[in-house]
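Chemist: Just model_4.pdb, nothing more (PDB, N, CA, C and O atoms, pLDDT in the B column):
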ATOM      1  N   MET T  14      10.970  27.047  14.994  1.00 78.00           N
ATOM      2  CA  MET T  14      10.003  26.711  13.974  1.00 78.00           C
ATOM      3  C   MET T  14       8.657  27.331  14.369  1.00 78.00           C
ATOM      4  O   MET T  14       8.201  27.183  15.498  1.00 78.00           O
ATOM      5  N   SER T  15       8.033  27.983  13.409  1.00 89.00           N
ATOM      6  CA  SER T  15       6.778  28.673  13.702  1.00 89.00           C
ATOM      7  C   SER T  15       5.628  27.671  13.841  1.00 89.00           C
ATOM      8  O   SER T  15       5.703  26.531  13.395  1.00 89.00           O
ATOM      9  N   ILE T  16       4.575  28.144  14.469  1.00 92.00           N
ATOM     10  CA  ILE T  16       3.398  27.297  14.671  1.00 92.00           C
ATOM     11  C   ILE T  16       2.784  26.927  13.324  1.00 92.00           C
ATOM     12  O   ILE T  16       2.321  25.798  13.139  1.00 92.00           O
ATOM     13  N   LYS T  17       2.757  27.873  12.408  1.00 92.00           N
ATOM     14  CA  LYS T  17       2.174  27.616  11.093  1.00 92.00           C
ATOM     15  C   LYS T  17       2.920  26.483  10.388  1.00 92.00           C
ATOM     16  O   LYS T  17       2.311  25.588   9.805  1.00 92.00           O
ATOM     17  N   ARG T  18       4.228  26.521  10.473  1.00 92.00           N
ATOM     18  CA  ARG T  18       5.045  25.476   9.834  1.00 92.00           C
ATOM     19  C   ARG T  18       4.848  24.120  10.523  1.00 92.00           C
ATOM     20  O   ARG T  18       4.754  23.090   9.870  1.00 92.00           O
ATOM     21  N   ARG T  19       4.757  24.137  11.834  1.00 91.00           N
ATOM     22  CA  ARG T  19       4.538  22.886  12.580  1.00 91.00           C
ATOM     23  C   ARG T  19       3.188  22.272  12.229  1.00 91.00           C
ATOM     24  O   ARG T  19       3.069  21.050  12.075  1.00 91.00           O
ATOM     25  N   LEU T  20       2.161  23.094  12.121  1.00 91.00           N
ATOM     26  CA  LEU T  20       0.836  22.590  11.753  1.00 91.00           C
ATOM     27  C   LEU T  20       0.834  22.025  10.342  1.00 91.00           C
ATOM     28  O   LEU T  20       0.220  20.985  10.082  1.00 91.00           O
ATOM     29  N   LEU T  21       1.516  22.700   9.436  1.00 90.00           N
ATOM     30  CA  LEU T  21       1.599  22.206   8.069  1.00 90.00           C
ATOM     31  C   LEU T  21       2.303  20.853   8.019  1.00 90.00           C
ATOM     32  O   LEU T  21       1.830  19.916   7.366  1.00 90.00           O
ATOM     33  N   LEU T  22       3.408  20.720   8.717  1.00 89.00           N
ATOM     34  CA  LEU T  22       4.142  19.446   8.733  1.00 89.00           C
ATOM     35  C   LEU T  22       3.338  18.335   9.394  1.00 89.00           C
ATOM     36  O   LEU T  22       3.364  17.188   8.949  1.00 89.00           O
ATOM     37  N   SER T  23       2.615  18.661  10.457  1.00 91.00           N
ATOM     38  CA  SER T  23       1.817  17.624  11.117  1.00 91.00           C
ATOM     39  C   SER T  23       0.657  17.186  10.217  1.00 91.00           C
ATOM     40  O   SER T  23       0.311  15.999  10.179  1.00 91.00           O
ATOM     41  N   ASN T  24       0.054  18.110   9.486  1.00 89.00           N
ATOM     42  CA  ASN T  24      -1.027  17.748   8.556  1.00 89.00           C
ATOM     43  C   ASN T  24      -0.502  16.867   7.436  1.00 89.00           C
ATOM     44  O   ASN T  24      -1.153  15.891   7.046  1.00 89.00           O
ATOM     45  N   ILE T  25       0.658  17.199   6.905  1.00 87.00           N
ATOM     46  CA  ILE T  25       1.262  16.365   5.869  1.00 87.00           C
ATOM     47  C   ILE T  25       1.539  14.977   6.426  1.00 87.00           C
ATOM     48  O   ILE T  25       1.271  13.967   5.776  1.00 87.00           O
ATOM     49  N   GLY T  26       2.052  14.919   7.633  1.00 88.00           N
ATOM     50  CA  GLY T  26       2.351  13.633   8.255  1.00 88.00           C
ATOM     51  C   GLY T  26       1.113  12.796   8.521  1.00 88.00           C
ATOM     52  O   GLY T  26       1.148  11.575   8.421  1.00 88.00           O
ATOM     53  N   MET T  27       0.010  13.439   8.850  1.00 92.00           N
ATOM     54  CA  MET T  27      -1.210  12.697   9.162  1.00 92.00           C
ATOM     55  C   MET T  27      -1.975  12.258   7.925  1.00 92.00           C
ATOM     56  O   MET T  27      -2.737  11.303   7.984  1.00 92.00           O
ATOM     57  N   VAL T  28      -1.792  12.950   6.809  1.00 90.00           N
ATOM     58  CA  VAL T  28      -2.566  12.642   5.608  1.00 90.00           C
ATOM     59  C   VAL T  28      -1.737  11.878   4.584  1.00 90.00           C
ATOM     60  O   VAL T  28      -2.119  10.802   4.137  1.00 90.00           O
ATOM     61  N   LEU T  29      -0.608  12.413   4.207  1.00 90.00           N
ATOM     62  CA  LEU T  29       0.171  11.816   3.125  1.00 90.00           C
ATOM     63  C   LEU T  29       0.932  10.565   3.548  1.00 90.00           C
ATOM     64  O   LEU T  29       1.009   9.611   2.778  1.00 90.00           O
ATOM     65  N   LEU T  30       1.477  10.569   4.730  1.00 89.00           N
ATOM     66  CA  LEU T  30       2.280   9.432   5.172  1.00 89.00           C
ATOM     67  C   LEU T  30       1.488   8.125   5.208  1.00 89.00           C
ATOM     68  O   LEU T  30       1.951   7.118   4.655  1.00 89.00           O
ATOM     69  N   PRO T  31       0.304   8.055   5.797  1.00 90.00           N
ATOM     70  CA  PRO T  31      -0.455   6.798   5.762  1.00 90.00           C
ATOM     71  C   PRO T  31      -0.830   6.356   4.348  1.00 90.00           C
ATOM     72  O   PRO T  31      -0.806   5.161   4.052  1.00 90.00           O
ATOM     73  N   VAL T  32      -1.155   7.293   3.478  1.00 90.00           N
ATOM     74  CA  VAL T  32      -1.520   6.938   2.103  1.00 90.00           C
ATOM     75  C   VAL T  32      -0.319   6.334   1.389  1.00 90.00           C
ATOM     76  O   VAL T  32      -0.422   5.290   0.727  1.00 90.00           O
ATOM     77  N   VAL T  33       0.829   6.960   1.521  1.00 90.00           N
ATOM     78  CA  VAL T  33       2.040   6.454   0.872  1.00 90.00           C
ATOM     79  C   VAL T  33       2.424   5.091   1.439  1.00 90.00           C
ATOM     80  O   VAL T  33       2.764   4.170   0.692  1.00 90.00           O
ATOM     81  N   LEU T  34       2.346   4.937   2.750  1.00 90.00           N
ATOM     82  CA  LEU T  34       2.679   3.650   3.360  1.00 90.00           C
ATOM     83  C   LEU T  34       1.713   2.556   2.927  1.00 90.00           C
ATOM     84  O   LEU T  34       2.121   1.407   2.717  1.00 90.00           O
ATOM     85  N   PHE T  35       0.433   2.875   2.771  1.00 86.00           N
ATOM     86  CA  PHE T  35      -0.540   1.898   2.298  1.00 86.00           C
ATOM     87  C   PHE T  35      -0.211   1.444   0.880  1.00 86.00           C
ATOM     88  O   PHE T  35      -0.262   0.255   0.572  1.00 86.00           O
ATOM     89  N   LEU T  36       0.129   2.382   0.006  1.00 85.00           N
ATOM     90  CA  LEU T  36       0.471   2.028  -1.372  1.00 85.00           C
ATOM     91  C   LEU T  36       1.736   1.175  -1.432  1.00 85.00           C
ATOM     92  O   LEU T  36       1.805   0.205  -2.195  1.00 85.00           O
ATOM     93  N   VAL T  37       2.727   1.503  -0.623  1.00 87.00           N
ATOM     94  CA  VAL T  37       3.957   0.710  -0.583  1.00 87.00           C
ATOM     95  C   VAL T  37       3.657  -0.691  -0.068  1.00 87.00           C
ATOM     96  O   VAL T  37       4.155  -1.685  -0.613  1.00 87.00           O
ATOM     97  N   LEU T  38       2.819  -0.801   0.950  1.00 87.00           N
ATOM     98  CA  LEU T  38       2.452  -2.106   1.482  1.00 87.00           C
ATOM     99  C   LEU T  38       1.720  -2.942   0.439  1.00 87.00           C
ATOM    100  O   LEU T  38       1.990  -4.140   0.296  1.00 87.00           O
ATOM    101  N   GLU T  39       0.828  -2.335  -0.320  1.00 82.00           N
ATOM    102  CA  GLU T  39       0.120  -3.050  -1.380  1.00 82.00           C
ATOM    103  C   GLU T  39       1.090  -3.547  -2.455  1.00 82.00           C
ATOM    104  O   GLU T  39       0.949  -4.656  -2.960  1.00 82.00           O
ATOM    105  N   MET T  40       2.083  -2.734  -2.793  1.00 82.00           N
ATOM    106  CA  MET T  40       3.068  -3.161  -3.795  1.00 82.00           C
ATOM    107  C   MET T  40       3.899  -4.326  -3.283  1.00 82.00           C
ATOM    108  O   MET T  40       4.171  -5.273  -4.024  1.00 82.00           O
ATOM    109  N   ILE T  41       4.273  -4.287  -2.018  1.00 84.00           N
ATOM    110  CA  ILE T  41       5.068  -5.374  -1.446  1.00 84.00           C
ATOM    111  C   ILE T  41       4.250  -6.662  -1.405  1.00 84.00           C
ATOM    112  O   ILE T  41       4.744  -7.735  -1.767  1.00 84.00           O
ATOM    113  N   ILE T  42       2.995  -6.574  -0.978  1.00 79.00           N
ATOM    114  CA  ILE T  42       2.139  -7.765  -0.924  1.00 79.00           C
ATOM    115  C   ILE T  42       1.922  -8.325  -2.323  1.00 79.00           C
ATOM    116  O   ILE T  42       1.985  -9.537  -2.534  1.00 79.00           O
ATOM    117  N   GLY T  43       1.668  -7.456  -3.291  1.00 77.00           N
ATOM    118  CA  GLY T  43       1.493  -7.908  -4.673  1.00 77.00           C
ATOM    119  C   GLY T  43       2.731  -8.580  -5.211  1.00 77.00           C
ATOM    120  O   GLY T  43       2.666  -9.610  -5.891  1.00 77.00           O
ATOM    121  N   TYR T  44       3.887  -8.028  -4.907  1.00 78.00           N
ATOM    122  CA  TYR T  44       5.144  -8.626  -5.358  1.00 78.00           C
ATOM    123  C   TYR T  44       5.347 -10.001  -4.724  1.00 78.00           C
ATOM    124  O   TYR T  44       5.709 -10.962  -5.412  1.00 78.00           O
ATOM    125  N   LEU T  45       5.081 -10.109  -3.435  1.00 78.00           N
ATOM    126  CA  LEU T  45       5.265 -11.396  -2.749  1.00 78.00           C
ATOM    127  C   LEU T  45       4.278 -12.448  -3.230  1.00 78.00           C
ATOM    128  O   LEU T  45       4.609 -13.640  -3.271  1.00 78.00           O
ATOM    129  N   LEU T  46       3.062 -12.032  -3.605  1.00 73.00           N
ATOM    130  CA  LEU T  46       2.070 -12.993  -4.057  1.00 73.00           C
ATOM    131  C   LEU T  46       2.286 -13.424  -5.506  1.00 73.00           C
ATOM    132  O   LEU T  46       2.035 -14.561  -5.863  1.00 73.00           O
ATOM    133  N   PHE T  47       2.741 -12.506  -6.365  1.00 72.00           N
ATOM    134  CA  PHE T  47       2.817 -12.799  -7.791  1.00 72.00           C
ATOM    135  C   PHE T  47       4.217 -13.150  -8.275  1.00 72.00           C
ATOM    136  O   PHE T  47       4.378 -13.651  -9.378  1.00 72.00           O
ATOM    137  N   TYR T  48       5.244 -12.896  -7.496  1.00 71.00           N
ATOM    138  CA  TYR T  48       6.600 -13.237  -7.933  1.00 71.00           C
ATOM    139  C   TYR T  48       6.810 -14.742  -8.072  1.00 71.00           C
ATOM    140  O   TYR T  48       7.416 -15.176  -9.052  1.00 71.00           O
ATOM    141  N   PRO T  49       6.317 -15.587  -7.143  1.00 69.00           N
ATOM    142  CA  PRO T  49       6.537 -17.040  -7.292  1.00 69.00           C
ATOM    143  C   PRO T  49       5.899 -17.640  -8.547  1.00 69.00           C
ATOM    144  O   PRO T  49       6.348 -18.671  -9.016  1.00 69.00           O
ATOM    145  N   VAL T  50       4.884 -17.022  -9.112  1.00 63.00           N
ATOM    146  CA  VAL T  50       4.249 -17.569 -10.315  1.00 63.00           C
ATOM    147  C   VAL T  50       4.846 -16.973 -11.582  1.00 63.00           C
ATOM    148  O   VAL T  50       4.269 -17.076 -12.655  1.00 63.00           O
ATOM    149  N   LYS T  51       5.979 -16.328 -11.484  1.00 66.00           N
ATOM    150  CA  LYS T  51       6.727 -15.767 -12.619  1.00 66.00           C
ATOM    151  C   LYS T  51       5.914 -14.744 -13.414  1.00 66.00           C
ATOM    152  O   LYS T  51       6.022 -14.660 -14.630  1.00 66.00           O
ATOM    153  N   GLY T  52       5.059 -14.009 -12.740  1.00 64.00           N
ATOM    154  CA  GLY T  52       4.313 -12.953 -13.399  1.00 64.00           C
ATOM    155  C   GLY T  52       3.075 -13.404 -14.134  1.00 64.00           C
ATOM    156  O   GLY T  52       2.350 -12.588 -14.681  1.00 64.00           O
ATOM    157  N   GLU T  53       2.823 -14.705 -14.199  1.00 68.00           N
ATOM    158  CA  GLU T  53       1.611 -15.197 -14.860  1.00 68.00           C
ATOM    159  C   GLU T  53       0.457 -15.129 -13.859  1.00 68.00           C
ATOM    160  O   GLU T  53       0.443 -15.836 -12.865  1.00 68.00           O
ATOM    161  N   VAL T  54      -0.490 -14.283 -14.150  1.00 68.00           N
ATOM    162  CA  VAL T  54      -1.569 -14.030 -13.215  1.00 68.00           C
ATOM    163  C   VAL T  54      -2.858 -14.631 -13.763  1.00 68.00           C
ATOM    164  O   VAL T  54      -3.272 -14.338 -14.872  1.00 68.00           O
ATOM    165  N   ASP T  55      -3.476 -15.469 -12.967  1.00 70.00           N
ATOM    166  CA  ASP T  55      -4.773 -16.049 -13.315  1.00 70.00           C
ATOM    167  C   ASP T  55      -5.881 -15.223 -12.662  1.00 70.00           C
ATOM    168  O   ASP T  55      -5.639 -14.395 -11.788  1.00 70.00           O
ATOM    169  N   GLN T  56      -7.091 -15.488 -13.073  1.00 73.00           N
ATOM    170  CA  GLN T  56      -8.241 -14.798 -12.492  1.00 73.00           C
ATOM    171  C   GLN T  56      -8.361 -15.119 -11.005  1.00 73.00           C
ATOM    172  O   GLN T  56      -8.681 -14.245 -10.210  1.00 73.00           O
ATOM    173  N   GLU T  57      -8.076 -16.358 -10.624  1.00 73.00           N
ATOM    174  CA  GLU T  57      -8.164 -16.747  -9.222  1.00 73.00           C
ATOM    175  C   GLU T  57      -7.164 -15.974  -8.377  1.00 73.00           C
ATOM    176  O   GLU T  57      -7.463 -15.569  -7.252  1.00 73.00           O
ATOM    177  N   ASP T  58      -5.953 -15.756  -8.910  1.00 69.00           N
ATOM    178  CA  ASP T  58      -4.938 -15.005  -8.173  1.00 69.00           C
ATOM    179  C   ASP T  58      -5.371 -13.554  -7.963  1.00 69.00           C
ATOM    180  O   ASP T  58      -5.160 -12.984  -6.892  1.00 69.00           O
ATOM    181  N   LEU T  59      -5.963 -12.968  -8.993  1.00 71.00           N
ATOM    182  CA  LEU T  59      -6.417 -11.586  -8.863  1.00 71.00           C
ATOM    183  C   LEU T  59      -7.542 -11.459  -7.844  1.00 71.00           C
ATOM    184  O   LEU T  59      -7.590 -10.509  -7.073  1.00 71.00           O
ATOM    185  N   ILE T  60      -8.443 -12.415  -7.839  1.00 77.00           N
ATOM    186  CA  ILE T  60      -9.536 -12.397  -6.865  1.00 77.00           C
ATOM    187  C   ILE T  60      -8.987 -12.543  -5.450  1.00 77.00           C
ATOM    188  O   ILE T  60      -9.388 -11.820  -4.537  1.00 77.00           O
ATOM    189  N   PHE T  61      -8.031 -13.458  -5.274  1.00 73.00           N
ATOM    190  CA  PHE T  61      -7.419 -13.650  -3.960  1.00 73.00           C
ATOM    191  C   PHE T  61      -6.711 -12.377  -3.502  1.00 73.00           C
ATOM    192  O   PHE T  61      -6.829 -11.962  -2.353  1.00 73.00           O
ATOM    193  N   PHE T  62      -5.975 -11.739  -4.405  1.00 72.00           N
ATOM    194  CA  PHE T  62      -5.261 -10.525  -4.064  1.00 72.00           C
ATOM    195  C   PHE T  62      -6.235  -9.403  -3.669  1.00 72.00           C
ATOM    196  O   PHE T  62      -6.003  -8.663  -2.719  1.00 72.00           O
ATOM    197  N   GLY T  63      -7.329  -9.302  -4.399  1.00 74.00           N
ATOM    198  CA  GLY T  63      -8.339  -8.299  -4.073  1.00 74.00           C
ATOM    199  C   GLY T  63      -8.964  -8.536  -2.720  1.00 74.00           C
ATOM    200  O   GLY T  63      -9.169  -7.610  -1.929  1.00 74.00           O
ATOM    201  N   GLN T  64      -9.276  -9.774  -2.412  1.00 76.00           N
ATOM    202  CA  GLN T  64      -9.863 -10.108  -1.113  1.00 76.00           C
ATOM    203  C   GLN T  64      -8.853  -9.909   0.011  1.00 76.00           C
ATOM    204  O   GLN T  64      -9.199  -9.425   1.066  1.00 76.00           O
ATOM    205  N   PHE T  65      -7.612 -10.262  -0.248  1.00 67.00           N
ATOM    206  CA  PHE T  65      -6.567 -10.120   0.765  1.00 67.00           C
ATOM    207  C   PHE T  65      -6.345  -8.645   1.090  1.00 67.00           C
ATOM    208  O   PHE T  65      -6.233  -8.262   2.249  1.00 67.00           O
ATOM    209  N   GLY T  66      -6.316  -7.810   0.078  1.00 62.00           N
ATOM    210  CA  GLY T  66      -6.141  -6.374   0.284  1.00 62.00           C
ATOM    211  C   GLY T  66      -7.343  -5.757   0.994  1.00 62.00           C
ATOM    212  O   GLY T  66      -7.201  -4.851   1.806  1.00 62.00           O
ATOM    213  N   PHE T  67      -8.530  -6.252   0.698  1.00 60.00           N
ATOM    214  CA  PHE T  67      -9.734  -5.738   1.324  1.00 60.00           C
ATOM    215  C   PHE T  67      -9.794  -6.124   2.806  1.00 60.00           C
ATOM    216  O   PHE T  67     -10.222  -5.349   3.635  1.00 60.00           O
ATOM    217  N   ILE T  68      -9.335  -7.325   3.130  1.00 58.00           N
ATOM    218  CA  ILE T  68      -9.350  -7.806   4.499  1.00 58.00           C
ATOM    219  C   ILE T  68      -8.394  -6.997   5.373  1.00 58.00           C
ATOM    220  O   ILE T  68      -8.710  -6.618   6.495  1.00 58.00           O
ATOM    221  N   CYS T  69      -7.208  -6.725   4.822  1.00 55.00           N
ATOM    222  CA  CYS T  69      -6.214  -5.960   5.595  1.00 55.00           C
ATOM    223  C   CYS T  69      -6.654  -4.536   5.718  1.00 55.00           C
ATOM    224  O   CYS T  69      -6.535  -3.878   6.625  1.00 55.00           O
TER     225      CYS T  69
END
Would you write the structure of this file as structure tokens?

Modeler:
Amino acid sequence: MSIKRRLLLSNIGMVLLPVVLFLVLEMIIGYLLFYPVKGEVDQEDLIFFGQFGFIC
């Protein structure tokens, strides 16, 4: 494998992978928080979710 290809793969791994993992984590947290209320979201729930995501 050439150096150019290795650098490209490492850059993709350092930039795209954390972004994708963060988005997946946010979806999982949102699902776990909002699934027990059967999808009915109140203003308080949205505020809590926003604060929880900001803290993490």

Chemist: Kindly give the distance, in Å, that separates atom CA of T:Pro31 and atom N of T:Gly43, rounded to a single decimal.

Modeler: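 Atom CA of T:Pro31 sits 17.0 Å away from atom N of T:Gly43.
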
Chemist: Hey, can you check how far atom CA of T:Ile41 sits from atom N of T:Phe62?

Modeler: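 For atom CA of T:Ile41 relative to atom N of T:Phe62, the distance reads 13.1 Å.
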
Chemist: To one decimal place, how far is atom CA of T:Leu59 from atom CA of T:Phe47 in Å?

Modeler: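 Separation of atom CA of T:Leu59 and atom CA of T:Phe47: 9.4 Å.
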
Chemist: Could you check which of T:Leu20, T:Gln56, T:Ile25, T:Gly63 is closest to T:Ile42, using only C-alpha atoms?

Modeler: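 For T:Ile42, the nearest of the candidates is T:Gly63.
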
Chemist: Report as JSON the centre and the edge lengths, in Å to one decimal, of the axis-aligned box holding every listed atom of stretch 16-26 of chain T, padded by 8 Å on each side.

Modeler:
{"center_x": 1.9, "center_y": 19.9, "center_z": 10.2, "size_x": 22.2, "size_y": 32.6, "size_z": 24.9}
